[in-house]
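File shown: start_17.cif (mmCIF, N, CA and C atoms).
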data_my_file
#
loop_
_atom_site.group_PDB
_atom_site.id
_atom_site.type_symbol
_atom_site.label_atom_id
_atom_site.label_comp_id
_atom_site.auth_asym_id
_atom_site.auth_seq_id
_atom_site.Cartn_x
_atom_site.Cartn_y
_atom_site.Cartn_z
ATOM 1 N N MET A 163 22.471 -11.140 15.827
ATOM 2 C CA MET A 163 22.270 -10.087 14.853
ATOM 3 C C MET A 163 20.772 -9.867 14.656
ATOM 4 N N ASN A 164 20.349 -8.621 14.624
ATOM 5 C CA ASN A 164 18.937 -8.284 14.449
ATOM 6 C C ASN A 164 18.526 -8.444 12.997
ATOM 7 N N SER A 165 17.328 -8.979 12.796
ATOM 8 C CA SER A 165 16.788 -9.058 11.442
ATOM 9 C C SER A 165 16.254 -7.684 11.062
ATOM 10 N N TYR A 166 15.916 -7.532 9.771
ATOM 11 C CA TYR A 166 15.399 -6.249 9.292
ATOM 12 C C TYR A 166 14.138 -5.862 10.046
ATOM 13 N N ASP A 167 13.233 -6.841 10.278
ATOM 14 C CA ASP A 167 11.984 -6.556 10.980
ATOM 15 C C ASP A 167 12.230 -6.056 12.396
ATOM 16 N N ASP A 168 13.313 -6.499 13.044
ATOM 17 C CA ASP A 168 13.621 -6.047 14.393
ATOM 18 C C ASP A 168 14.053 -4.586 14.425
ATOM 19 N N LYS A 169 14.486 -4.048 13.299
ATOM 20 C CA LYS A 169 14.963 -2.671 13.235
ATOM 21 C C LYS A 169 13.852 -1.677 12.918
ATOM 22 N N ARG A 170 12.651 -2.164 12.646
ATOM 23 C CA ARG A 170 11.537 -1.278 12.308
ATOM 24 C C ARG A 170 11.115 -0.481 13.534
ATOM 25 N N ASN A 171 10.682 0.771 13.306
ATOM 26 C CA ASN A 171 10.169 1.600 14.390
ATOM 27 C C ASN A 171 8.714 1.284 14.715
ATOM 28 N N PHE A 172 7.981 0.712 13.744
ATOM 29 C CA PHE A 172 6.571 0.393 13.938
ATOM 30 C C PHE A 172 6.321 -1.040 13.490
ATOM 31 N N TYR A 173 5.486 -1.734 14.246
ATOM 32 C CA TYR A 173 5.131 -3.092 13.871
ATOM 33 C C TYR A 173 4.187 -3.087 12.688
ATOM 34 N N ARG A 174 4.271 -4.114 11.881
ATOM 35 C CA ARG A 174 3.371 -4.273 10.741
ATOM 36 C C ARG A 174 2.249 -5.216 11.119
ATOM 37 N N MET A 175 1.030 -4.831 10.740
ATOM 38 C CA MET A 175 -0.131 -5.710 10.901
ATOM 39 C C MET A 175 -0.294 -6.466 9.596
ATOM 40 N N MET A 176 -0.349 -7.765 9.676
ATOM 41 C CA MET A 176 -0.553 -8.574 8.488
ATOM 42 C C MET A 176 -2.035 -8.549 8.141
ATOM 43 N N LEU A 177 -2.332 -8.212 6.899
ATOM 44 C CA LEU A 177 -3.712 -8.128 6.428
ATOM 45 C C LEU A 177 -3.845 -8.921 5.129
ATOM 46 N N ASN A 178 -5.041 -9.115 4.729
ATOM 47 C CA ASN A 178 -5.330 -9.692 3.420
ATOM 48 C C ASN A 178 -6.699 -9.160 3.019
ATOM 49 N N THR A 179 -6.737 -7.854 2.754
ATOM 50 C CA THR A 179 -8.016 -7.202 2.499
ATOM 51 C C THR A 179 -7.974 -6.410 1.197
ATOM 52 N N GLU A 180 -9.102 -6.394 0.516
ATOM 53 C CA GLU A 180 -9.213 -5.654 -0.734
ATOM 54 C C GLU A 180 -9.214 -4.151 -0.459
ATOM 55 N N VAL A 181 -8.528 -3.403 -1.317
ATOM 56 C CA VAL A 181 -8.465 -1.950 -1.200
ATOM 57 C C VAL A 181 -8.695 -1.343 -2.581
ATOM 58 N N VAL A 182 -9.025 -0.058 -2.583
ATOM 59 C CA VAL A 182 -9.117 0.704 -3.821
ATOM 60 C C VAL A 182 -7.926 1.652 -3.849
ATOM 61 N N LEU A 183 -7.112 1.538 -4.891
ATOM 62 C CA LEU A 183 -5.928 2.362 -5.044
ATOM 63 C C LEU A 183 -6.183 3.332 -6.192
ATOM 64 N N THR A 184 -6.038 4.619 -5.913
ATOM 65 C CA THR A 184 -6.230 5.663 -6.922
ATOM 66 C C THR A 184 -4.877 6.257 -7.270
ATOM 67 N N ILE A 185 -4.553 6.278 -8.549
ATOM 68 C CA ILE A 185 -3.299 6.878 -9.005
ATOM 69 C C ILE A 185 -3.520 8.378 -9.151
ATOM 70 N N LEU A 186 -2.866 9.157 -8.315
ATOM 71 C CA LEU A 186 -3.061 10.610 -8.302
ATOM 72 C C LEU A 186 -2.222 11.321 -9.353
ATOM 73 N N ASP A 187 -1.209 10.659 -9.881
ATOM 74 C CA ASP A 187 -0.313 11.302 -10.841
ATOM 75 C C ASP A 187 -0.818 11.287 -12.273
ATOM 76 N N ASP A 188 -1.916 10.566 -12.532
ATOM 77 C CA ASP A 188 -2.433 10.617 -13.901
ATOM 78 C C ASP A 188 -3.631 11.564 -13.946
ATOM 79 N N GLU A 189 -3.988 12.011 -15.125
ATOM 80 C CA GLU A 189 -5.020 13.035 -15.271
ATOM 81 C C GLU A 189 -6.411 12.557 -14.895
ATOM 82 N N VAL A 190 -6.653 11.262 -14.997
ATOM 83 C CA VAL A 190 -8.009 10.755 -14.761
ATOM 84 C C VAL A 190 -8.169 10.113 -13.384
ATOM 85 N N ASN A 191 -7.115 10.119 -12.565
ATOM 86 C CA ASN A 191 -7.159 9.485 -11.248
ATOM 87 C C ASN A 191 -7.674 8.045 -11.343
ATOM 88 N N SER A 192 -6.966 7.242 -12.121
ATOM 89 C CA SER A 192 -7.347 5.840 -12.337
ATOM 90 C C SER A 192 -7.492 5.099 -11.021
ATOM 91 N N GLN A 193 -8.543 4.299 -10.931
ATOM 92 C CA GLN A 193 -8.766 3.483 -9.735
ATOM 93 C C GLN A 193 -8.512 2.024 -10.071
ATOM 94 N N LEU A 194 -7.760 1.362 -9.200
ATOM 95 C CA LEU A 194 -7.403 -0.034 -9.384
ATOM 96 C C LEU A 194 -7.744 -0.823 -8.127
ATOM 97 N N SER A 195 -8.075 -2.080 -8.305
ATOM 98 C CA SER A 195 -8.274 -2.969 -7.167
ATOM 99 C C SER A 195 -6.929 -3.575 -6.792
ATOM 100 N N ALA A 196 -6.715 -3.717 -5.506
ATOM 101 C CA ALA A 196 -5.478 -4.308 -5.003
ATOM 102 C C ALA A 196 -5.794 -5.023 -3.692
ATOM 103 N N THR A 197 -4.816 -5.738 -3.182
ATOM 104 C CA THR A 197 -4.959 -6.415 -1.896
ATOM 105 C C THR A 197 -3.899 -5.874 -0.957
ATOM 106 N N CYS A 198 -4.315 -5.347 0.181
ATOM 107 C CA CYS A 198 -3.364 -4.861 1.181
ATOM 108 C C CYS A 198 -2.861 -6.061 1.967
ATOM 109 N N ARG A 199 -1.561 -6.292 1.908
ATOM 110 C CA ARG A 199 -0.971 -7.427 2.618
ATOM 111 C C ARG A 199 -0.545 -7.071 4.029
ATOM 112 N N ASP A 200 0.017 -5.871 4.183
ATOM 113 C CA ASP A 200 0.399 -5.453 5.530
ATOM 114 C C ASP A 200 0.365 -3.939 5.637
ATOM 115 N N LEU A 201 0.285 -3.482 6.888
ATOM 116 C CA LEU A 201 0.086 -2.068 7.173
ATOM 117 C C LEU A 201 0.821 -1.711 8.446
ATOM 118 N N SER A 202 1.501 -0.561 8.437
ATOM 119 C CA SER A 202 2.123 -0.039 9.651
ATOM 120 C C SER A 202 1.773 1.436 9.754
ATOM 121 N N ALA A 203 2.308 2.101 10.747
ATOM 122 C CA ALA A 203 2.024 3.524 10.942
ATOM 123 C C ALA A 203 2.615 4.380 9.828
ATOM 124 N N THR A 204 3.614 3.866 9.113
ATOM 125 C CA THR A 204 4.292 4.683 8.108
ATOM 126 C C THR A 204 4.217 4.136 6.689
ATOM 127 N N GLY A 205 3.643 2.960 6.500
ATOM 128 C CA GLY A 205 3.603 2.408 5.158
ATOM 129 C C GLY A 205 2.724 1.178 5.038
ATOM 130 N N MET A 206 2.623 0.696 3.814
ATOM 131 C CA MET A 206 1.837 -0.498 3.540
ATOM 132 C C MET A 206 2.401 -1.209 2.326
ATOM 133 N N ALA A 207 2.047 -2.489 2.214
ATOM 134 C CA ALA A 207 2.391 -3.268 1.029
ATOM 135 C C ALA A 207 1.098 -3.751 0.405
ATOM 136 N N VAL A 208 0.941 -3.481 -0.892
ATOM 137 C CA VAL A 208 -0.249 -3.917 -1.610
ATOM 138 C C VAL A 208 0.165 -4.805 -2.774
ATOM 139 N N GLU A 209 -0.665 -5.793 -3.041
ATOM 140 C CA GLU A 209 -0.438 -6.719 -4.144
ATOM 141 C C GLU A 209 -1.338 -6.319 -5.301
ATOM 142 N N MET A 210 -0.726 -6.234 -6.508
ATOM 143 C CA MET A 210 -1.462 -5.803 -7.691
ATOM 144 C C MET A 210 -1.057 -6.645 -8.888
ATOM 145 N N GLU A 211 -1.887 -6.595 -9.931
ATOM 146 C CA GLU A 211 -1.579 -7.323 -11.164
ATOM 147 C C GLU A 211 -0.596 -6.580 -12.048
ATOM 148 N N HIS A 212 -0.482 -5.254 -11.876
ATOM 149 C CA HIS A 212 0.381 -4.437 -12.728
ATOM 150 C C HIS A 212 1.307 -3.610 -11.846
ATOM 151 N N PRO A 213 2.536 -3.389 -12.295
ATOM 152 C CA PRO A 213 3.450 -2.556 -11.499
ATOM 153 C C PRO A 213 3.121 -1.080 -11.642
ATOM 154 N N LEU A 214 3.543 -0.303 -10.684
ATOM 155 C CA LEU A 214 3.475 1.152 -10.756
ATOM 156 C C LEU A 214 4.905 1.677 -10.779
ATOM 157 N N GLU A 215 5.075 2.901 -11.195
ATOM 158 C CA GLU A 215 6.399 3.516 -11.215
ATOM 159 C C GLU A 215 6.783 3.977 -9.812
ATOM 160 N N ILE A 216 8.074 3.897 -9.504
ATOM 161 C CA ILE A 216 8.588 4.456 -8.254
ATOM 162 C C ILE A 216 8.233 5.945 -8.209
ATOM 163 N N SER A 217 7.871 6.446 -7.065
ATOM 164 C CA SER A 217 7.508 7.847 -6.796
ATOM 165 C C SER A 217 6.113 8.221 -7.277
ATOM 166 N N THR A 218 5.327 7.256 -7.780
ATOM 167 C CA THR A 218 3.950 7.540 -8.156
ATOM 168 C C THR A 218 3.154 7.870 -6.900
ATOM 169 N N HIS A 219 2.393 8.960 -6.932
ATOM 170 C CA HIS A 219 1.554 9.338 -5.805
ATOM 171 C C HIS A 219 0.202 8.635 -5.915
ATOM 172 N N VAL A 220 -0.220 8.047 -4.812
ATOM 173 C CA VAL A 220 -1.448 7.255 -4.798
ATOM 174 C C VAL A 220 -2.278 7.591 -3.563
ATOM 175 N N ARG A 221 -3.550 7.239 -3.643
ATOM 176 C CA ARG A 221 -4.445 7.274 -2.486
ATOM 177 C C ARG A 221 -4.960 5.844 -2.325
ATOM 178 N N VAL A 222 -4.973 5.352 -1.101
ATOM 179 C CA VAL A 222 -5.432 3.994 -0.832
ATOM 180 C C VAL A 222 -6.540 4.065 0.203
ATOM 181 N N LYS A 223 -7.660 3.422 -0.113
ATOM 182 C CA LYS A 223 -8.780 3.371 0.817
ATOM 183 C C LYS A 223 -8.985 1.930 1.255
ATOM 184 N N VAL A 224 -8.938 1.743 2.582
ATOM 185 C CA VAL A 224 -9.159 0.433 3.184
ATOM 186 C C VAL A 224 -10.475 0.519 3.940
ATOM 187 N N ASP A 225 -11.489 -0.183 3.462
ATOM 188 C CA ASP A 225 -12.788 -0.171 4.144
ATOM 189 C C ASP A 225 -12.692 -0.895 5.477
ATOM 190 N N SER A 226 -13.527 -0.494 6.399
ATOM 191 C CA SER A 226 -13.574 -1.106 7.716
ATOM 192 C C SER A 226 -14.569 -2.260 7.717
ATOM 193 N N ALA A 227 -14.273 -3.276 8.504
ATOM 194 C CA ALA A 227 -15.181 -4.422 8.628
ATOM 195 C C ALA A 227 -16.297 -4.135 9.622
ATOM 196 N N SER A 228 -16.203 -2.999 10.306
ATOM 197 C CA SER A 228 -17.172 -2.658 11.343
ATOM 198 C C SER A 228 -17.647 -1.220 11.167
ATOM 199 N N ASN A 229 -18.917 -0.977 11.455
ATOM 200 C CA ASN A 229 -19.452 0.390 11.402
ATOM 201 C C ASN A 229 -18.874 1.256 12.508
ATOM 202 N N GLN A 230 -18.313 0.638 13.521
ATOM 203 C CA GLN A 230 -17.779 1.376 14.661
ATOM 204 C C GLN A 230 -16.362 1.904 14.418
ATOM 205 N N VAL A 231 -15.718 1.399 13.360
ATOM 206 C CA VAL A 231 -14.358 1.815 13.042
ATOM 207 C C VAL A 231 -14.370 2.507 11.679
ATOM 208 N N GLN A 232 -13.790 3.689 11.620
ATOM 209 C CA GLN A 232 -13.751 4.468 10.381
ATOM 210 C C GLN A 232 -12.832 3.811 9.353
ATOM 211 N N ALA A 233 -13.186 3.909 8.079
ATOM 212 C CA ALA A 233 -12.336 3.407 6.996
ATOM 213 C C ALA A 233 -11.019 4.181 6.997
ATOM 214 N N LEU A 234 -9.969 3.543 6.525
ATOM 215 C CA LEU A 234 -8.664 4.185 6.433
ATOM 216 C C LEU A 234 -8.489 4.739 5.029
ATOM 217 N N ASP A 235 -8.166 6.020 4.940
ATOM 218 C CA ASP A 235 -7.976 6.690 3.657
ATOM 219 C C ASP A 235 -6.643 7.428 3.740
ATOM 220 N N VAL A 236 -5.635 6.946 2.994
ATOM 221 C CA VAL A 236 -4.296 7.524 3.094
ATOM 222 C C VAL A 236 -3.790 7.935 1.716
ATOM 223 N N SER A 237 -2.899 8.923 1.712
ATOM 224 C CA SER A 237 -2.168 9.309 0.512
ATOM 225 C C SER A 237 -0.717 8.953 0.735
ATOM 226 N N GLY A 238 -0.058 8.520 -0.336
ATOM 227 C CA GLY A 238 1.334 8.140 -0.190
ATOM 228 C C GLY A 238 2.048 8.083 -1.518
ATOM 229 N N LYS A 239 3.241 7.500 -1.473
ATOM 230 C CA LYS A 239 4.106 7.438 -2.644
ATOM 231 C C LYS A 239 4.692 6.032 -2.742
ATOM 232 N N VAL A 240 4.774 5.521 -3.968
ATOM 233 C CA VAL A 240 5.365 4.207 -4.210
ATOM 234 C C VAL A 240 6.877 4.298 -3.983
ATOM 235 N N VAL A 241 7.389 3.424 -3.113
ATOM 236 C CA VAL A 241 8.820 3.439 -2.803
ATOM 237 C C VAL A 241 9.509 2.123 -3.147
ATOM 238 N N ARG A 242 8.722 1.073 -3.433
ATOM 239 C CA ARG A 242 9.325 -0.230 -3.721
ATOM 240 C C ARG A 242 8.392 -1.044 -4.607
ATOM 241 N N ILE A 243 8.984 -1.816 -5.517
ATOM 242 C CA ILE A 243 8.217 -2.702 -6.393
ATOM 243 C C ILE A 243 8.957 -4.030 -6.476
ATOM 244 N N GLU A 244 8.258 -5.129 -6.201
ATOM 245 C CA GLU A 244 8.835 -6.460 -6.334
ATOM 246 C C GLU A 244 7.913 -7.302 -7.201
ATOM 247 N N GLU A 245 8.480 -7.912 -8.230
ATOM 248 C CA GLU A 245 7.692 -8.821 -9.047
ATOM 249 C C GLU A 245 7.746 -10.183 -8.372
ATOM 250 N N GLU A 246 6.607 -10.643 -7.876
ATOM 251 C CA GLU A 246 6.568 -11.924 -7.175
ATOM 252 C C GLU A 246 6.337 -13.079 -8.133
ATOM 253 N N SER A 247 5.552 -12.838 -9.157
ATOM 254 C CA SER A 247 5.296 -13.834 -10.200
ATOM 255 C C SER A 247 4.653 -13.099 -11.367
ATOM 256 N N LYS A 248 4.340 -13.842 -12.419
ATOM 257 C CA LYS A 248 3.690 -13.217 -13.569
ATOM 258 C C LYS A 248 2.352 -12.630 -13.111
ATOM 259 N N ASP A 249 2.125 -11.368 -13.405
ATOM 260 C CA ASP A 249 0.891 -10.661 -13.031
ATOM 261 C C ASP A 249 0.685 -10.547 -11.525
ATOM 262 N N CYS A 250 1.765 -10.527 -10.756
ATOM 263 C CA CYS A 250 1.658 -10.329 -9.306
ATOM 264 C C CYS A 250 2.840 -9.494 -8.834
ATOM 265 N N TYR A 251 2.544 -8.256 -8.434
ATOM 266 C CA TYR A 251 3.565 -7.316 -7.979
ATOM 267 C C TYR A 251 3.253 -6.871 -6.559
ATOM 268 N N LEU A 252 4.280 -6.800 -5.734
ATOM 269 C CA LEU A 252 4.136 -6.275 -4.382
ATOM 270 C C LEU A 252 4.665 -4.851 -4.393
ATOM 271 N N ILE A 253 3.782 -3.893 -4.084
ATOM 272 C CA ILE A 253 4.091 -2.472 -4.148
ATOM 273 C C ILE A 253 4.214 -1.922 -2.726
ATOM 274 N N GLY A 254 5.364 -1.357 -2.397
ATOM 275 C CA GLY A 254 5.567 -0.717 -1.113
ATOM 276 C C GLY A 254 5.211 0.757 -1.206
ATOM 277 N N ILE A 255 4.362 1.204 -0.292
ATOM 278 C CA ILE A 255 3.883 2.584 -0.300
ATOM 279 C C ILE A 255 4.185 3.226 1.049
ATOM 280 N N THR A 256 4.849 4.371 1.027
ATOM 281 C CA THR A 256 5.069 5.123 2.238
ATOM 282 C C THR A 256 3.873 6.052 2.443
ATOM 283 N N ILE A 257 3.342 6.103 3.644
ATOM 284 C CA ILE A 257 2.172 6.930 3.940
ATOM 285 C C ILE A 257 2.659 8.356 4.206
ATOM 286 N N GLU A 258 2.110 9.306 3.453
ATOM 287 C CA GLU A 258 2.468 10.713 3.620
ATOM 288 C C GLU A 258 1.371 11.510 4.320
ATOM 289 N N GLU A 259 0.125 11.080 4.189
ATOM 290 C CA GLU A 259 -1.003 11.819 4.789
ATOM 291 C C GLU A 259 -2.158 10.864 5.067
ATOM 292 N N ILE A 260 -2.758 11.020 6.213
ATOM 293 C CA ILE A 260 -3.951 10.232 6.558
ATOM 294 C C ILE A 260 -5.149 11.172 6.553
ATOM 295 N N ASP A 261 -6.154 10.836 5.768
ATOM 296 C CA ASP A 261 -7.350 11.686 5.668
ATOM 297 C C ASP A 261 -8.429 11.192 6.622
#
Just give me the structure of the file as C-alpha coordinates.
Amino acid sequence: MNSYDDKRNFYRMMLNTEVVLTILDDEVNSQLSATCRDLSATGMAVEMEHPLEISTHVRVKVDSASNQVQALDVSGKVVRIEEESKDCYLIGITIEEID
(Lines of atoms letter the chains of each structure in order from A and count residues from 1; the text may use other names and numbers.)
(Lines give C-alpha, C1' and ligand atoms only; values in the text may rest on other atoms or scores of the structure.)
Protein backbone atom coordinates (compact mmCIF):
# COMPACT_ATOMS: atom_id res chain seq x y z
CA MET A 1 0.00 0.00 0.00
CA ASN A 2 1.33 3.45 -0.92
CA SER A 3 1.87 6.00 1.82
CA TYR A 4 0.46 9.51 1.50
CA ASP A 5 3.88 10.86 0.48
CA ASP A 6 4.04 8.33 -2.38
CA LYS A 7 0.82 9.78 -3.83
CA ARG A 8 2.18 13.34 -4.08
CA ASN A 9 2.70 14.79 -7.56
CA PHE A 10 5.71 16.84 -6.40
CA TYR A 11 8.47 16.00 -3.97
CA ARG A 12 8.88 18.12 -0.87
CA MET A 13 12.22 19.68 0.00
CA MET A 14 12.84 19.62 3.72
CA LEU A 15 13.94 23.05 4.94
CA ASN A 16 14.50 24.80 8.21
CA THR A 17 14.76 28.43 7.21
CA GLU A 18 13.34 31.67 8.53
CA VAL A 19 10.72 33.37 6.36
CA VAL A 20 8.63 36.52 6.48
CA LEU A 21 4.90 35.82 6.24
CA THR A 22 2.58 38.72 5.38
CA ILE A 23 -1.13 38.38 6.07
CA LEU A 24 -2.85 39.86 3.02
CA ASP A 25 -6.39 39.59 4.41
CA ASP A 26 -5.94 42.19 7.12
CA GLU A 27 -5.91 45.93 6.49
CA VAL A 28 -2.36 46.52 7.68
CA ASN A 29 -0.69 43.52 5.96
CA SER A 30 0.77 42.24 9.24
CA GLN A 31 4.20 40.68 8.93
CA LEU A 32 5.15 37.69 11.06
CA SER A 33 8.29 35.63 11.43
CA ALA A 34 7.95 31.92 10.74
CA THR A 35 10.09 28.91 9.89
CA CYS A 36 9.59 27.13 6.57
CA ARG A 37 9.81 23.41 7.25
CA ASP A 38 9.19 22.09 3.77
CA LEU A 39 8.49 23.31 0.26
CA SER A 40 7.15 21.78 -2.94
CA ALA A 41 6.03 23.12 -6.31
CA THR A 42 2.47 23.57 -5.02
CA GLY A 43 2.74 24.28 -1.31
CA MET A 44 4.72 24.73 1.86
CA ALA A 45 4.54 24.11 5.58
CA VAL A 46 5.54 26.87 7.97
CA GLU A 47 5.90 26.75 11.73
CA MET A 48 4.53 29.69 13.71
CA GLU A 49 3.75 30.66 17.30
CA HIS A 50 0.14 31.63 16.48
CA PRO A 51 -2.46 29.92 14.29
CA LEU A 52 -3.99 31.52 11.22
CA GLU A 53 -7.52 31.00 9.95
CA ILE A 54 -8.20 28.54 7.13
CA SER A 55 -8.44 30.38 3.76
CA THR A 56 -6.33 33.33 4.98
CA HIS A 57 -4.40 34.78 2.04
CA VAL A 58 -0.70 35.24 2.72
CA ARG A 59 2.56 36.17 1.02
CA VAL A 60 5.70 34.28 2.04
CA LYS A 61 9.21 35.44 1.26
CA VAL A 62 12.08 32.96 1.52
CA ASP A 63 15.46 34.66 1.24
CA SER A 64 18.18 32.94 -0.75
CA ALA A 65 21.44 31.83 0.84
CA SER A 66 23.27 32.80 -2.34
CA ASN A 67 23.42 35.97 -4.45
CA GLN A 68 23.24 33.75 -7.52
CA VAL A 69 19.78 32.43 -6.64
CA GLN A 70 16.75 34.74 -6.49
CA ALA A 71 14.67 34.86 -3.29
CA LEU A 72 11.35 33.03 -3.41
CA ASP A 73 8.29 35.26 -3.08
CA VAL A 74 4.94 33.46 -3.24
CA SER A 75 1.28 34.22 -2.57
CA GLY A 76 -1.00 31.53 -1.27
CA LYS A 77 -3.81 30.46 1.00
CA VAL A 78 -3.84 28.64 4.34
CA VAL A 79 -5.30 25.16 3.82
CA ARG A 80 -4.25 23.30 6.98
CA ILE A 81 -3.46 24.05 10.62
CA GLU A 82 -1.99 21.59 13.13
CA GLU A 83 -1.24 22.45 16.73
CA GLU A 84 2.01 20.64 17.47
CA SER A 85 2.48 21.98 20.99
CA LYS A 86 1.76 25.07 23.05
CA ASP A 87 2.76 28.10 20.92
CA CYS A 88 3.78 25.92 17.96
CA TYR A 89 1.50 25.56 14.94
CA LEU A 90 2.25 23.96 11.59
CA ILE A 91 0.48 25.91 8.83
CA GLY A 92 -0.06 24.34 5.41
CA ILE A 93 -0.11 26.86 2.58
CA THR A 94 -1.06 26.16 -1.02
CA ILE A 95 0.93 28.28 -3.48
CA GLU A 96 -1.34 30.25 -5.82
CA GLU A 97 1.18 32.66 -7.42
CA ILE A 98 4.95 32.96 -7.63
CA ASP A 99 6.27 36.52 -7.95
(request) Considering all atoms listed in the file, return as a VMD selection string whatever protein or nucleic-acid residues lie within 8 Å of Ile216 (chain A), sequence-local ones (same chain, fewer than 3 positions apart) excluded. (result) chain A and resid 213 219 239 to 243
(message) Applying 8 Å and only N, CA and C atoms, which residues near Ser195 (chain A) remain after dropping the ones on its own chain fewer than 4 positions away? List them as a PyMOL selection string.
(response) chain A and resi 180-184+209-211
(request) To verify the selection step, state as a ChimeraX atom specification which residues the PyMOL selection byres ((chain A and resi 248-250) around 6.5) yields on this input. (result) /A:209-212,244-247,251-252
(request) Have a look at CA of Gln230 (chain A) and CA of Ser192 (chain A) and let me know their distance in Å, one decimal. (result)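 About the pair CA of Gln230 (chain A) and CA of Ser192 (chain A): they are 29.3 Å apart.
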Size and centre in Å, one decimal, axis-aligned box, all listed region 205-217 of chain A atoms plus 4 Å per side, as lines of an AutoDock Vina configuration file:
center_x = 3.4
center_y = 0.4
center_z = -3.1
size_x = 18.5
size_y = 23.5
size_z = 27.2
(request) Please give the complete set of residues from chain A that DSSP, run on the backbone, assigns to strand (DSSP E), formatted as a PyMOL selection string. (result) chain A and resi 175-185+193-201+205-210+219-224+234-247+250-260
(request) Have a look at CA of Ile255 (chain A) and CA of Thr218 (chain A) and let me know their distance in Å, one decimal. (result) 9.3 Å
(message) Taking the file as I've supplied it (selection: the PyMOL selection byres ((chain A and resi 177) around 8)), which residues are included? Please answer as a list of chain:residue names.
(response)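 Applying the PyMOL selection byres ((chain A and resi 177) around 8) to the structure shown produces A:Arg174, A:Met175, A:Met176, A:Asn178, A:Thr179, A:Glu180, A:Thr197, A:Cys198, A:Arg199, A:Asp200, A:Leu201.
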